[in-house]
Amino acid sequence: PEAPLLVLLPGMGGHAWVFAELVHALRQPAEVLAVSVVDLVRAGRLRSHDDLVDAVQERLASRGGGRPLLLGGYSFGARMASELGRSLESRGASVRHVLLLDPWMRLGGSFRQTLRGILRAHRASRARKAGSDSQRRAAEALREELDAVRARLKAIYAVGTTRMGTAPVSLLLSREGAERLGRRDRLFGRPRTEVASTELTCRHLDLLRAPAVVD
């Protein structure tokens, strides 16, 4: 049988390369389409969720129809993958499975402070390394681009509006992810009892390096 098509959606940063290590470690054959959200925003091709669905369907059509379709999303990308699965089903596609890696939820105080601290340290490190004016300008341009991606995604995928389709769903959580999700009885409109859930001991930012993701 033909290898399945695996569509992956990154988090708020929007870059497809975050999946490089995970894809390299896959133990089963699959053709991977990792969506570069930042490129879609840069090209003005992500004004609405339908734009994302159109872009994915266009790429899927070029790779041959009728193959098993798997969706995966990391952090905020899990929210996008959930909505994408429902939209593709409404257009007649058959989604075999959806994998949600540490879905982005409304941030709790402790996690928000931790994440902000990590980002501040990262930016300070980048600033120290950016010794020349040209490097500083490049770093500032990158920061502005990422801010634009985050603003666009938050505008399209407002908290509380995301809904899953009917495909089977697996949920993989880091320590922080499990804390954020807490005892919620529903996830993007689906009862938690319908979602196969696994908790890991790693942190959110290390999740894509965890061997258990591949397992």
# chains A, B, ... in the order shown; residues from 1 in each chain; ligands from 1
call {"tool": "residues_around", "arguments": {"residues": "Gly14 of chain A", "least_positions_apart": "3", "cutoff": "12 Å", "atoms": "only C-alpha atoms", "output": "PyMOL selection string"}}
result
chain A and resi 8-11+17-19+34-42+46+73-77+80+142+145-153
call {"tool": "residues_around", "arguments": {"residues": "His204 of chain A", "least_positions_apart": "5", "cutoff": "7 Å", "atoms": "only C-alpha atoms", "output": "ChimeraX atom specification"}}
result
/A:102,174,176-177
call {"tool": "write_last_selection", "arguments": {"atoms": "N, CA, C and O atoms", "output": "short mmCIF file (atom, residue, chain, number, x, y, z; two decimals), in the first residue's frame"}}
result
data_model
loop_
_atom_site.label_atom_id
_atom_site.label_comp_id
_atom_site.auth_asym_id
_atom_site.auth_seq_id
_atom_site.Cartn_x
_atom_site.Cartn_y
_atom_site.Cartn_z
N ASP A 102 0.96 18.54 22.65
CA ASP A 102 0.92 19.64 23.62
C ASP A 102 0.11 20.84 23.12
O ASP A 102 0.67 21.91 22.87
N SER A 174 3.30 17.27 27.48
CA SER A 174 4.46 17.48 28.33
C SER A 174 3.96 17.73 29.76
O SER A 174 2.75 17.76 30.02
N GLU A 176 4.13 20.59 31.36
CA GLU A 176 3.39 21.85 31.35
C GLU A 176 2.05 21.70 30.64
O GLU A 176 1.05 22.30 31.03
N GLY A 177 2.05 20.89 29.57
CA GLY A 177 0.81 20.69 28.83
C GLY A 177 -0.26 20.03 29.68
O GLY A 177 -1.43 20.42 29.64
#
call {"tool": "residues_around", "arguments": {"residues": "Gly160 of chain A", "least_positions_apart": "2", "cutoff": "9 Å", "atoms": "only C-alpha atoms", "output": "PDB file with N, CA and C atoms, in the first residue's frame"}}
result
ATOM      1  N   TYR A 157      -7.699  31.989  14.859  1.00  0.00           N
ATOM      2  CA  TYR A 157      -8.076  30.879  15.730  1.00  0.00           C
ATOM      3  C   TYR A 157      -8.282  31.389  17.154  1.00  0.00           C
ATOM      4  N   ALA A 158      -9.385  32.077  17.347  1.00  0.00           N
ATOM      5  CA  ALA A 158      -9.686  32.654  18.653  1.00  0.00           C
ATOM      6  C   ALA A 158      -9.943  31.554  19.679  1.00  0.00           C
ATOM      7  N   THR A 162     -12.279  26.746  18.325  1.00  0.00           N
ATOM      8  CA  THR A 162     -11.761  25.594  17.588  1.00  0.00           C
ATOM      9  C   THR A 162     -12.602  24.352  17.867  1.00  0.00           C
ATOM     10  N   ARG A 163     -12.903  23.588  16.797  1.00  0.00           N
ATOM     11  CA  ARG A 163     -13.654  22.355  16.925  1.00  0.00           C
ATOM     12  C   ARG A 163     -12.991  21.262  16.092  1.00  0.00           C
ATOM     13  N   PHE A 188     -11.266  20.983  22.428  1.00  0.00           N
ATOM     14  CA  PHE A 188     -11.700  21.475  21.122  1.00  0.00           C
ATOM     15  C   PHE A 188     -13.040  20.860  20.708  1.00  0.00           C
ATOM     16  N   GLY A 189     -13.950  20.825  21.659  1.00  0.00           N
ATOM     17  CA  GLY A 189     -15.300  20.351  21.381  1.00  0.00           C
ATOM     18  C   GLY A 189     -15.525  18.863  21.530  1.00  0.00           C
TER      19      GLY A 189
END
call {"tool": "residues_around", "arguments": {"residues": "segment 83-95 of chain A", "least_positions_apart": "5", "cutoff": "7 Å", "atoms": "only C-alpha atoms", "output": "list of chain:residue names"}}
result
A:Val53, A:Leu69, A:Leu70, A:Thr162, A:Arg163, A:Met164, A:Gly165, A:Ala167
call {"tool": "write_last_selection", "arguments": {"atoms": "all heavy atoms", "output": "mmCIF file, in the first residue's frame"}}
result
data_model
loop_
_atom_site.group_PDB
_atom_site.id
_atom_site.type_symbol
_atom_site.label_atom_id
_atom_site.label_comp_id
_atom_site.auth_asym_id
_atom_site.auth_seq_id
_atom_site.Cartn_x
_atom_site.Cartn_y
_atom_site.Cartn_z
ATOM 1 N N VAL A 53 -6.760 25.747 4.531
ATOM 2 C CA VAL A 53 -7.353 24.536 3.956
ATOM 3 C C VAL A 53 -7.064 24.466 2.460
ATOM 4 O O VAL A 53 -6.684 23.414 1.935
ATOM 5 C CB VAL A 53 -8.871 24.499 4.214
ATOM 6 C CG1 VAL A 53 -9.470 23.202 3.665
ATOM 7 C CG2 VAL A 53 -9.175 24.612 5.705
ATOM 8 N N LEU A 69 -4.568 9.854 5.080
ATOM 9 C CA LEU A 69 -4.200 11.211 5.471
ATOM 10 C C LEU A 69 -4.129 11.313 6.987
ATOM 11 O O LEU A 69 -5.095 11.026 7.691
ATOM 12 C CB LEU A 69 -5.229 12.207 4.923
ATOM 13 C CG LEU A 69 -5.033 13.680 5.280
ATOM 14 C CD1 LEU A 69 -3.677 14.179 4.780
ATOM 15 C CD2 LEU A 69 -6.160 14.527 4.690
ATOM 16 N N LEU A 70 -2.962 11.719 7.471
ATOM 17 C CA LEU A 70 -2.735 11.914 8.901
ATOM 18 C C LEU A 70 -2.409 13.379 9.141
ATOM 19 O O LEU A 70 -1.698 14.006 8.346
ATOM 20 C CB LEU A 70 -1.564 11.043 9.382
ATOM 21 C CG LEU A 70 -1.581 9.571 8.976
ATOM 22 C CD1 LEU A 70 -0.281 8.891 9.402
ATOM 23 C CD2 LEU A 70 -2.776 8.854 9.582
ATOM 24 N N THR A 162 -12.279 26.746 18.325
ATOM 25 C CA THR A 162 -11.761 25.594 17.588
ATOM 26 C C THR A 162 -12.602 24.352 17.867
ATOM 27 O O THR A 162 -12.943 24.060 19.014
ATOM 28 C CB THR A 162 -10.299 25.318 17.969
ATOM 29 O OG1 THR A 162 -9.529 26.486 17.704
ATOM 30 C CG2 THR A 162 -9.743 24.153 17.163
ATOM 31 N N ARG A 163 -12.903 23.588 16.797
ATOM 32 C CA ARG A 163 -13.654 22.355 16.925
ATOM 33 C C ARG A 163 -12.991 21.262 16.092
ATOM 34 O O ARG A 163 -12.549 21.503 14.975
ATOM 35 C CB ARG A 163 -15.098 22.541 16.453
ATOM 36 C CG ARG A 163 -15.914 23.476 17.343
ATOM 37 C CD ARG A 163 -16.137 22.871 18.717
ATOM 38 N NE ARG A 163 -16.906 23.732 19.596
ATOM 39 C CZ ARG A 163 -16.378 24.610 20.437
ATOM 40 N NH1 ARG A 163 -15.057 24.781 20.492
ATOM 41 N NH2 ARG A 163 -17.140 25.344 21.211
ATOM 42 N N MET A 164 -12.933 20.057 16.653
ATOM 43 C CA MET A 164 -12.371 18.914 15.940
ATOM 44 C C MET A 164 -13.410 18.310 14.995
ATOM 45 O O MET A 164 -14.610 18.545 15.133
ATOM 46 C CB MET A 164 -11.960 17.827 16.920
ATOM 47 C CG MET A 164 -10.812 18.154 17.821
ATOM 48 S SD MET A 164 -10.395 16.671 18.782
ATOM 49 C CE MET A 164 -9.312 17.378 20.007
ATOM 50 N N GLY A 165 -12.903 17.473 14.084
ATOM 51 C CA GLY A 165 -13.773 16.670 13.256
ATOM 52 C C GLY A 165 -14.083 15.353 13.945
ATOM 53 O O GLY A 165 -14.052 15.245 15.174
ATOM 54 N N ALA A 167 -12.445 12.337 13.121
ATOM 55 C CA ALA A 167 -11.339 11.377 13.038
ATOM 56 C C ALA A 167 -10.823 11.024 14.431
ATOM 57 O O ALA A 167 -10.916 11.830 15.365
ATOM 58 C CB ALA A 167 -10.201 11.960 12.204
#
call {"tool": "select_by_dssp", "arguments": {"residues": "segment 1-212 of chain A", "states": "strand (DSSP E)", "output": "VMD selection string"}}
result
chain A and resid 5 to 9 31 to 34 69 to 74 95 to 101 169 to 173 186 to 187 190 to 191 195 to 199
call {"tool": "select_by_dssp", "arguments": {"residues": "segment 35-187 of chain A", "states": "helix (DSSP H, G or I)", "output": "JSON, numbers by chain"}}
result
{"A": [37, 38, 39, 40, 41, 42, 49, 50, 51, 52, 53, 54, 55, 56, 57, 58, 59, 60, 61, 62, 76, 77, 78, 79, 80, 81, 82, 83, 84, 85, 86, 87, 88, 89, 90, 109, 110, 111, 112, 113, 114, 115, 116, 117, 118, 119, 120, 121, 122, 123, 124, 125, 126, 127, 128, 129, 133, 134, 135, 136, 137, 138, 139, 140, 141, 142, 143, 144, 145, 146, 147, 148, 149, 150, 151, 152, 153, 154, 155, 156, 175, 176, 177, 178, 179, 180, 181]}
call {"tool": "residues_around", "arguments": {"residues": "Ser48 of chain A", "least_positions_apart": "3", "cutoff": "8 Å", "atoms": "only C-alpha atoms", "output": "list in words"}}
result
Asp51, Leu52 and Ile156 of chain A
call {"tool": "atom_distance", "arguments": {"atom1": "atom CA of Gln135 of chain A", "atom2": "atom CA of Arg209 of chain A"}}
result
29.0 Å
call {"tool": "closest_residue", "arguments": {"among": "A:Arg67, A:Arg137, A:Arg45, A:His24", "to": "Leu208 of chain A", "atoms": "only C-alpha atoms"}}
result
A:His24
call {"tool": "atom_distance", "arguments": {"atom1": "atom CA of Arg136 of chain A", "atom2": "atom CA of Met12 of chain A"}}
result
22.2 Å
call {"tool": "atom_distance", "arguments": {"atom1": "atom CA of Leu173 of chain A", "atom2": "atom CA of His97 of chain A"}}
result
17.0 Å
